[in-house]
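Asker: mmCIF, C-alpha atoms and all ligand atoms, file coords_6.cif:
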data_query
loop_
_atom_site.group_PDB
_atom_site.id
_atom_site.type_symbol
_atom_site.label_atom_id
_atom_site.label_comp_id
_atom_site.auth_asym_id
_atom_site.auth_seq_id
_atom_site.Cartn_x
_atom_site.Cartn_y
_atom_site.Cartn_z
ATOM 1 C CA MET A 106 0.000 0.000 0.000
ATOM 2 C CA VAL A 107 1.314 3.369 -0.990
ATOM 3 C CA ASN A 108 0.609 5.021 2.344
ATOM 4 C CA ALA A 109 2.201 2.362 4.592
ATOM 5 C CA GLU A 110 5.536 4.105 4.234
ATOM 6 C CA PHE A 111 4.046 7.427 5.415
ATOM 7 C CA VAL A 112 2.287 5.772 8.348
ATOM 8 C CA ARG A 113 5.577 4.224 9.420
ATOM 9 C CA MET A 114 7.302 7.605 9.265
ATOM 10 C CA LEU A 115 4.727 9.139 11.595
ATOM 11 C CA GLU A 116 4.756 6.135 13.921
ATOM 12 C CA THR A 117 8.534 6.353 14.161
ATOM 13 C CA ALA A 118 8.152 9.993 15.166
ATOM 14 C CA GLY A 119 5.774 8.868 17.947
ATOM 15 C CA ILE A 120 2.621 10.384 16.426
ATOM 16 C CA PRO A 121 -0.543 8.635 17.644
ATOM 17 C CA ASP A 122 -3.315 7.933 15.098
ATOM 18 C CA ALA A 123 -0.708 7.903 12.317
ATOM 19 C CA ASP A 124 -3.040 6.005 9.996
ATOM 20 C CA PHE A 125 -5.815 8.581 10.348
ATOM 21 C CA ASP A 126 -3.421 11.492 9.835
ATOM 22 C CA VAL A 127 -1.962 9.950 6.681
ATOM 23 C CA LYS A 128 -5.435 9.344 5.245
ATOM 24 C CA CYS A 129 -6.383 12.987 5.860
ATOM 25 C CA ILE A 130 -3.164 14.205 4.247
ATOM 26 C CA MET A 131 -3.594 11.876 1.255
ATOM 27 C CA GLU A 132 -7.148 13.060 0.780
ATOM 28 C CA GLN A 133 -6.057 16.687 0.936
ATOM 29 C CA VAL A 134 -3.344 16.230 -1.667
ATOM 30 C CA THR A 135 -4.901 13.658 -4.036
ATOM 31 C CA GLY A 136 -8.641 13.805 -3.297
ATOM 32 C CA ASN A 137 -8.464 10.117 -2.377
ATOM 33 C CA ARG A 138 -7.485 8.918 1.076
ATOM 34 C CA LEU A 139 -6.419 5.523 -0.285
ATOM 35 C CA ALA A 140 -4.734 6.675 -3.506
ATOM 36 C CA SER A 141 -2.587 3.904 -4.882
ATOM 37 C CA GLU A 142 -0.449 5.958 -7.263
ATOM 38 C CA LEU A 143 1.148 9.328 -6.685
ATOM 39 C CA HIS A 144 2.683 11.857 -9.060
ATOM 40 C CA PRO A 145 6.183 12.833 -7.910
ATOM 41 C CA GLU A 146 5.000 16.331 -6.975
ATOM 42 C CA GLN A 147 2.138 14.868 -4.925
ATOM 43 C CA LYS A 148 4.561 12.594 -3.126
ATOM 44 C CA GLN A 149 6.823 15.546 -2.360
ATOM 45 C CA GLN A 150 3.903 17.559 -1.059
ATOM 46 C CA ILE A 151 2.806 14.672 1.155
ATOM 47 C CA LEU A 152 6.337 14.179 2.441
ATOM 48 C CA ASN A 153 6.539 17.849 3.406
ATOM 49 C CA MET A 154 3.286 17.529 5.328
ATOM 50 C CA ILE A 155 4.417 14.300 7.003
ATOM 51 C CA GLN A 156 7.595 16.040 8.050
ATOM 52 C CA ARG A 157 5.650 18.910 9.653
ATOM 53 C CA ARG A 158 3.358 16.432 11.423
ATOM 54 C CA SER A 159 6.403 14.465 12.656
ATOM 55 C CA LYS A 160 7.564 17.602 14.433
ATOM 56 C CA GLY A 161 4.276 17.796 16.341
ATOM 57 C CA GLU A 162 2.530 20.487 14.312
ATOM 58 C CA PRO A 163 -1.255 19.966 14.574
ATOM 59 C CA LEU A 164 -2.800 18.046 11.679
ATOM 60 C CA GLN A 165 -5.427 20.791 11.358
ATOM 61 C CA TYR A 166 -2.800 23.470 10.611
ATOM 62 C CA ILE A 167 -1.118 21.218 8.071
ATOM 63 C CA LEU A 168 -4.410 20.540 6.293
ATOM 64 C CA GLY A 169 -5.326 24.227 6.649
ATOM 65 C CA GLU A 170 -8.881 23.327 7.509
ATOM 66 C CA TRP A 171 -11.025 21.445 10.002
ATOM 67 C CA GLU A 172 -14.694 20.695 10.390
ATOM 68 C CA PHE A 173 -16.841 22.305 13.046
ATOM 69 C CA TYR A 174 -20.553 21.732 13.367
ATOM 70 C CA GLY A 175 -20.584 20.291 9.849
ATOM 71 C CA LEU A 176 -18.910 23.387 8.414
ATOM 72 C CA ARG A 177 -15.465 23.547 6.859
ATOM 73 C CA MET A 178 -13.324 26.045 8.779
ATOM 74 C CA PHE A 179 -10.027 27.335 7.437
ATOM 75 C CA VAL A 180 -7.407 27.376 10.183
ATOM 76 C CA GLY A 181 -3.677 27.912 10.487
ATOM 77 C CA LYS A 182 -0.982 29.327 12.710
ATOM 78 C CA GLY A 183 -2.299 32.110 14.911
ATOM 79 C CA VAL A 184 -5.862 30.855 15.354
ATOM 80 C CA LEU A 185 -7.288 28.343 17.825
ATOM 81 C CA ILE A 186 -8.421 25.095 16.200
ATOM 82 C CA PRO A 187 -12.164 24.537 16.740
ATOM 83 C CA ARG A 188 -12.766 21.737 19.266
ATOM 84 C CA PRO A 189 -15.641 19.217 19.308
ATOM 85 C CA ASP A 190 -16.436 20.324 22.898
ATOM 86 C CA THR A 191 -17.344 23.754 21.577
ATOM 87 C CA GLU A 192 -20.157 22.190 19.543
ATOM 88 C CA ILE A 193 -21.903 21.639 22.896
ATOM 89 C CA LEU A 194 -21.913 25.398 23.426
ATOM 90 C CA VAL A 195 -23.499 25.862 19.980
ATOM 91 C CA ASP A 196 -26.087 23.134 20.724
ATOM 92 C CA THR A 197 -26.943 24.806 24.031
ATOM 93 C CA VAL A 198 -27.461 28.204 22.428
ATOM 94 C CA LEU A 199 -29.499 26.750 19.549
ATOM 95 C CA ASP A 200 -31.729 24.906 22.052
ATOM 96 C CA TRP A 201 -32.378 28.175 23.871
ATOM 97 C CA CYS A 202 -33.250 29.847 20.553
ATOM 98 C CA LYS A 203 -36.015 27.384 19.652
ATOM 99 C CA GLY A 204 -39.218 29.234 18.840
ATOM 100 C CA LYS A 205 -37.469 32.649 18.857
ATOM 101 C CA SER A 206 -36.563 34.722 15.816
ATOM 102 C CA GLY A 207 -34.695 37.869 14.810
ATOM 103 C CA LEU A 208 -32.210 37.456 17.649
ATOM 104 C CA LYS A 209 -29.285 39.769 18.239
ATOM 105 C CA ILE A 210 -26.231 37.698 19.124
ATOM 106 C CA LEU A 211 -22.680 38.610 20.057
ATOM 107 C CA ASP A 212 -19.743 36.160 20.059
ATOM 108 C CA LEU A 213 -16.807 37.339 22.165
ATOM 109 C CA CYS A 214 -13.305 35.924 21.478
ATOM 110 C CA THR A 215 -14.543 34.464 18.198
ATOM 111 C CA GLY A 216 -11.161 33.124 16.967
ATOM 112 C CA SER A 217 -11.830 31.244 13.709
ATOM 113 C CA GLY A 218 -15.438 32.449 13.897
ATOM 114 C CA CYS A 219 -16.639 28.872 14.346
ATOM 115 C CA ILE A 220 -19.339 29.611 16.954
ATOM 116 C CA ALA A 221 -20.701 32.700 15.188
ATOM 117 C CA LEU A 222 -20.794 30.895 11.852
ATOM 118 C CA ALA A 223 -22.469 27.733 13.154
ATOM 119 C CA LEU A 224 -25.111 29.898 14.839
ATOM 120 C CA LYS A 225 -25.687 31.997 11.714
ATOM 121 C CA LYS A 226 -26.015 28.854 9.608
ATOM 122 C CA TYR A 227 -28.875 27.579 11.767
ATOM 123 C CA LEU A 228 -30.337 30.987 12.667
ATOM 124 C CA PRO A 229 -30.259 32.778 9.313
ATOM 125 C CA ASP A 230 -32.415 35.669 10.520
ATOM 126 C CA ALA A 231 -30.192 36.389 13.537
ATOM 127 C CA GLU A 232 -28.053 39.530 13.585
ATOM 128 C CA ILE A 233 -24.641 38.271 14.664
ATOM 129 C CA SER A 234 -21.529 40.228 15.629
ATOM 130 C CA ALA A 235 -18.212 38.699 16.598
ATOM 131 C CA VAL A 236 -15.208 40.198 18.364
ATOM 132 C CA ASP A 237 -11.560 39.212 18.635
ATOM 133 C CA ALA A 238 -8.355 40.949 19.700
ATOM 134 C CA SER A 239 -6.249 39.097 17.142
ATOM 135 C CA GLU A 240 -6.151 40.387 13.586
ATOM 136 C CA THR A 241 -4.748 37.035 12.457
ATOM 137 C CA ALA A 242 -7.681 35.148 13.985
ATOM 138 C CA LEU A 243 -10.104 37.610 12.390
ATOM 139 C CA SER A 244 -8.554 37.126 8.971
ATOM 140 C CA TYR A 245 -9.465 33.422 9.244
ATOM 141 C CA ALA A 246 -12.925 34.246 10.617
ATOM 142 C CA ARG A 247 -13.632 36.602 7.705
ATOM 143 C CA ARG A 248 -12.425 34.053 5.197
ATOM 144 C CA ASN A 249 -14.634 31.378 6.784
ATOM 145 C CA ALA A 250 -17.657 33.686 6.687
ATOM 146 C CA GLU A 251 -17.047 34.507 3.030
ATOM 147 C CA TYR A 252 -16.574 30.872 2.116
ATOM 148 C CA HIS A 253 -19.926 29.923 3.652
ATOM 149 C CA HIS A 254 -21.704 33.096 2.477
ATOM 150 C CA LEU A 255 -22.700 33.853 6.055
ATOM 151 C CA GLU A 256 -22.992 37.462 7.148
ATOM 152 C CA ILE A 257 -21.323 38.340 10.435
ATOM 153 C CA ALA A 258 -20.221 41.796 11.621
ATOM 154 C CA PHE A 259 -16.632 41.303 12.768
ATOM 155 C CA HIS A 260 -14.923 43.698 15.175
ATOM 156 C CA HIS A 261 -11.239 43.907 15.987
ATOM 157 C CA ALA A 262 -11.265 44.847 19.673
ATOM 158 C CA ASP A 263 -10.346 43.801 23.180
ATOM 159 C CA VAL A 264 -13.398 42.299 24.900
ATOM 160 C CA LEU A 265 -12.140 43.780 28.182
ATOM 161 C CA ASP A 266 -12.403 47.328 26.794
ATOM 162 C CA LYS A 267 -15.369 48.911 28.609
ATOM 163 C CA ASP A 268 -15.766 51.750 26.106
ATOM 164 C CA PHE A 269 -16.054 49.245 23.301
ATOM 165 C CA ALA A 270 -18.614 47.173 25.241
ATOM 166 C CA GLU A 271 -20.764 50.270 25.792
ATOM 167 C CA GLN A 272 -21.451 50.436 22.060
ATOM 168 C CA PHE A 273 -23.544 47.270 22.314
ATOM 169 C CA GLN A 274 -27.058 47.130 23.699
ATOM 170 C CA ASP A 275 -30.108 44.891 23.696
ATOM 171 C CA CYS A 276 -28.340 41.654 22.834
ATOM 172 C CA ASP A 277 -30.493 38.559 23.192
ATOM 173 C CA ILE A 278 -27.423 36.386 23.587
ATOM 174 C CA ILE A 279 -23.767 36.821 24.394
ATOM 175 C CA VAL A 280 -21.762 33.679 23.774
ATOM 176 C CA SER A 281 -18.072 33.201 24.463
ATOM 177 C CA ASN A 282 -15.321 30.614 24.521
ATOM 178 C CA PRO A 283 -12.626 32.794 26.082
ATOM 179 C CA PRO A 284 -9.110 31.660 26.992
ATOM 180 C CA TYR A 285 -9.465 29.638 30.190
ATOM 181 C CA LEU A 286 -6.413 27.472 30.860
ATOM 182 C CA THR A 287 -4.486 28.000 34.103
ATOM 183 C CA GLY A 288 -0.778 28.853 34.231
ATOM 184 C CA GLN A 289 -0.198 25.299 35.451
ATOM 185 C CA GLU A 290 -2.123 23.801 32.510
ATOM 186 C CA MET A 291 -0.128 25.974 30.096
ATOM 187 C CA GLN A 292 3.030 24.284 31.424
ATOM 188 C CA GLU A 293 1.604 20.854 30.670
ATOM 189 C CA LEU A 294 0.245 21.387 27.150
ATOM 190 C CA GLN A 295 0.440 18.660 24.525
ATOM 191 C CA THR A 296 3.031 19.346 21.815
ATOM 192 C CA GLU A 297 0.265 20.078 19.285
ATOM 193 C CA VAL A 298 -1.453 22.638 21.510
ATOM 194 C CA ARG A 299 1.877 24.440 22.016
ATOM 195 C CA HIS A 300 1.667 25.398 18.326
ATOM 196 C CA GLU A 301 -1.603 27.254 19.004
ATOM 197 C CA PRO A 302 -1.693 30.890 20.124
ATOM 198 C CA ALA A 303 -1.132 31.228 23.873
ATOM 199 C CA VAL A 304 -3.397 34.298 23.929
ATOM 200 C CA ALA A 305 -6.297 32.044 22.923
ATOM 201 C CA LEU A 306 -5.542 29.592 25.729
ATOM 202 C CA LEU A 307 -4.219 31.298 28.874
ATOM 203 C CA GLY A 308 -7.097 32.442 31.052
ATOM 204 C CA GLY A 309 -5.496 35.647 32.324
ATOM 205 C CA SER A 310 -3.971 36.342 35.688
ATOM 206 C CA ASP A 311 -6.444 34.559 37.989
ATOM 207 C CA LYS A 312 -4.857 31.378 39.266
ATOM 208 C CA ASP A 313 -7.867 29.247 38.344
ATOM 209 C CA GLY A 314 -8.059 30.565 34.747
ATOM 210 C CA THR A 315 -11.372 32.370 35.291
ATOM 211 C CA TYR A 316 -10.224 35.972 34.766
ATOM 212 C CA PHE A 317 -12.048 36.420 31.456
ATOM 213 C CA TYR A 318 -15.362 35.126 32.875
ATOM 214 C CA ARG A 319 -15.093 37.510 35.836
ATOM 215 C CA LYS A 320 -14.358 40.481 33.584
ATOM 216 C CA ILE A 321 -16.664 39.668 30.672
ATOM 217 C CA THR A 322 -19.617 38.997 32.977
ATOM 218 C CA SER A 323 -19.380 42.419 34.621
ATOM 219 C CA ILE A 324 -18.295 44.426 31.549
ATOM 220 C CA TRP A 325 -20.885 42.976 29.169
ATOM 221 C CA ARG A 326 -23.929 42.451 31.411
ATOM 222 C CA GLU A 327 -25.351 45.843 30.417
ATOM 223 C CA ALA A 328 -25.227 44.859 26.753
ATOM 224 C CA ILE A 329 -27.630 41.960 27.352
ATOM 225 C CA LYS A 330 -31.330 42.646 27.444
ATOM 226 C CA SER A 331 -33.455 41.544 30.368
ATOM 227 C CA GLY A 332 -34.259 37.840 29.923
ATOM 228 C CA GLY A 333 -31.263 37.459 27.546
ATOM 229 C CA LEU A 334 -28.725 34.659 27.707
ATOM 230 C CA LEU A 335 -25.051 34.614 28.609
ATOM 231 C CA ALA A 336 -23.441 31.322 27.523
ATOM 232 C CA TYR A 337 -19.829 30.315 28.175
ATOM 233 C CA GLU A 338 -17.619 27.396 27.349
ATOM 234 C CA ILE A 339 -15.586 26.662 30.480
ATOM 235 C CA GLY A 340 -12.716 24.532 31.693
ATOM 236 C CA TRP A 341 -14.064 21.461 33.458
ATOM 237 C CA LYS A 342 -13.174 22.649 36.973
ATOM 238 C CA GLN A 343 -14.557 26.165 36.558
ATOM 239 C CA ALA A 344 -18.344 25.673 36.761
ATOM 240 C CA GLY A 345 -18.573 26.705 40.426
ATOM 241 C CA ARG A 346 -16.622 29.961 40.032
ATOM 242 C CA VAL A 347 -18.272 30.939 36.762
ATOM 243 C CA SER A 348 -21.748 30.265 38.205
ATOM 244 C CA GLU A 349 -20.819 32.549 41.116
ATOM 245 C CA PHE A 350 -19.869 35.365 38.722
ATOM 246 C CA LEU A 351 -23.201 34.973 36.936
ATOM 247 C CA ASN A 352 -25.115 34.892 40.178
ATOM 248 C CA SER A 353 -23.425 37.969 41.633
ATOM 249 C CA ASN A 354 -24.092 39.896 38.388
ATOM 250 C CA ALA A 355 -27.825 39.209 38.574
ATOM 251 C CA PHE A 356 -28.086 36.272 36.208
ATOM 252 C CA ARG A 357 -30.536 33.515 37.126
ATOM 253 C CA GLN A 358 -31.575 30.079 35.746
ATOM 254 C CA ILE A 359 -27.906 29.184 35.877
ATOM 255 C CA GLN A 360 -27.229 25.875 34.183
ATOM 256 C CA VAL A 361 -24.143 23.727 33.838
ATOM 257 C CA ILE A 362 -23.958 21.390 30.844
ATOM 258 C CA GLN A 363 -21.474 18.539 30.505
ATOM 259 C CA ASP A 364 -19.377 17.389 27.561
ATOM 260 C CA TYR A 365 -19.041 13.926 25.995
ATOM 261 C CA GLU A 366 -16.750 12.883 28.829
ATOM 262 C CA GLN A 367 -19.230 13.994 31.497
ATOM 263 C CA ARG A 368 -17.125 16.986 32.439
ATOM 264 C CA ASP A 369 -18.653 20.396 33.054
ATOM 265 C CA ARG A 370 -18.176 22.305 29.795
ATOM 266 C CA VAL A 371 -20.819 25.001 29.406
ATOM 267 C CA VAL A 372 -22.400 27.455 31.862
ATOM 268 C CA THR A 373 -25.384 29.623 30.980
ATOM 269 C CA GLY A 374 -27.509 32.150 32.793
ATOM 270 C CA GLU A 375 -30.361 34.516 31.977
ATOM 271 C CA LYS A 376 -30.157 38.157 32.932
ATOM 272 C CA ILE A 377 -32.879 39.282 35.321
HETATM 273 N N1 LIG A 401 -10.393 23.642 25.135
HETATM 274 C C1 LIG A 401 -9.127 24.217 24.812
HETATM 275 C C2 LIG A 401 -8.008 23.287 25.218
HETATM 276 O O1 LIG A 401 -8.186 22.509 26.117
HETATM 277 C C3 LIG A 401 -8.965 25.560 25.494
HETATM 278 C C4 LIG A 401 -9.743 26.560 24.770
HETATM 279 C C5 LIG A 401 -9.846 27.819 25.520
HETATM 280 O O2 LIG A 401 -8.994 28.184 26.322
HETATM 281 N N2 LIG A 401 -10.906 28.496 25.285
HETATM 282 O O3 LIG A 401 -6.962 23.293 24.634
#
What does this structure look like when you write it as structure tokens?

Answerer:
Amino acid sequence: MVNAEFVRMLETAGIPDADFDVKCIMEQVTGNRLASELHPEQKQQILNMIQRRSKGEPLQYILGEWEFYGLRMFVGKGVLIPRPDTEILVDTVLDWCKGKSGLKILDLCTGSGCIALALKKYLPDAEISAVDASETALSYARRNAEYHHLEIAFHHADVLDKDFAEQFQDCDIIVSNPPYLTGQEMQELQTEVRHEPAVALLGGSDKDGTYFYRKITSIWREAIKSGGLLAYEIGWKQAGRVSEFLNSNAFRQIQVIQDYEQRDRVVTGEKI
């Protein structure tokens, strides 16, 4: 088999799931994950990709794309790779939206735009804005929006900037997957995750990684209309703290939703 040699190269480099990675790379280059013949230039291209993967670069960056909520998302260095766990946040928001229309939604720390775009896809009449502090991340988000012909108003801004937040009012929903890893967790990252932007991962100066939830909840509460939803993805040990922030900022109906591994992953609350 033509790809056995590539699989062996990745296995030798200690890459788990070598077979899967090779199939994805083959598909990307040849359009066929089991291609049995390669042109020399295809082989060279595949070898270059195998070499990058051998050094621990994430498969998603090498492919330049990854799927999120059934949508192709372009990704690369400088933007967080969309995670399956984040689909739970999208599911939670979409559940809350059932029977409602014309919603005004804001996605803070949008990164690749994956949350905003998945929501827009399933809520075509929603007015969705998305914010990120990284121009690189936004360039991917804009490209993803264009590719899917989904209209999102993107803003390059710091979500902790109070003056910026004051420009927004009457949102039905604010959704966010902010950086939330602790300093300790940043020390223990997998090789692949080390290739991703630290600014998208490190949850600020609070020891438990909850700085962004504390700040966003107080800075943005005024932008949410009464009865509106605030929905966060969280780190699995953060549900208690994040629920406290919601509670002390006059959010009620606080709910914690778990991921596929039965770990707390999403917290939501409705503004009084
Ligand atoms: N879930 C990501 C990880 O574990 C972290 C994403 C984030 O900080 N928002 O790598």

Asker: Of the candidates A:Thr197, A:Ser310, A:Asn249, A:Ser217, which one gets nearest to Val361 of chain A if we count all atoms listed in the file?

Answerer: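 Answer, going by the shortest atom-to-atom distance: A:Thr197.
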
Asker: Pick out the closest residue to His260 of chain A from this set: A:Ala303, A:Ile329, A:Cys276, A:Leu211. Count all atoms listed in the file.

Answerer: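 Among the listed residues, A:Leu211 lies closest to His260 of chain A.
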
Asker: Within 6 Å of (-3.6, 16.6, 7.9) (coordinates as in the file), grab all the protein and nucleic acid residues, counting all atoms listed in the file, and write them out as a list of chain:residue names.

Answerer: A:Asp126, A:Cys129, A:Ile130, A:Leu164, A:Gln165, A:Ile167, A:Leu168

Asker: Report the closest atom pair, with its distance in Å rounded to one decimal, for each residue of chain A that has an atom no farther than 6 Å from ligand LIG 401 (chain A); count all atoms listed in the file, sort by chain and then rising residue number, and write it as a Markdown table.

Answerer:
| residue | atom | partner | partner_atom | distance |
| --- | --- | --- | --- | --- |
| A:Asn282 | CA | A:LIG401 | N2 | 5.0 |
| A:Pro283 | CA | A:LIG401 | N2 | 4.7 |
| A:Pro284 | CA | A:LIG401 | O2 | 3.5 |
| A:Tyr285 | CA | A:LIG401 | O2 | 4.2 |
| A:Leu286 | CA | A:LIG401 | O2 | 5.3 |
| A:Ala305 | CA | A:LIG401 | O2 | 5.8 |
| A:Leu306 | CA | A:LIG401 | O2 | 3.8 |

Asker: Please evaluate the PyMOL selection byres (((chain A and resi 312-317) around 12) and not hetatm) against the structure above and give the resulting residues as a count of residues only.

Answerer: 47
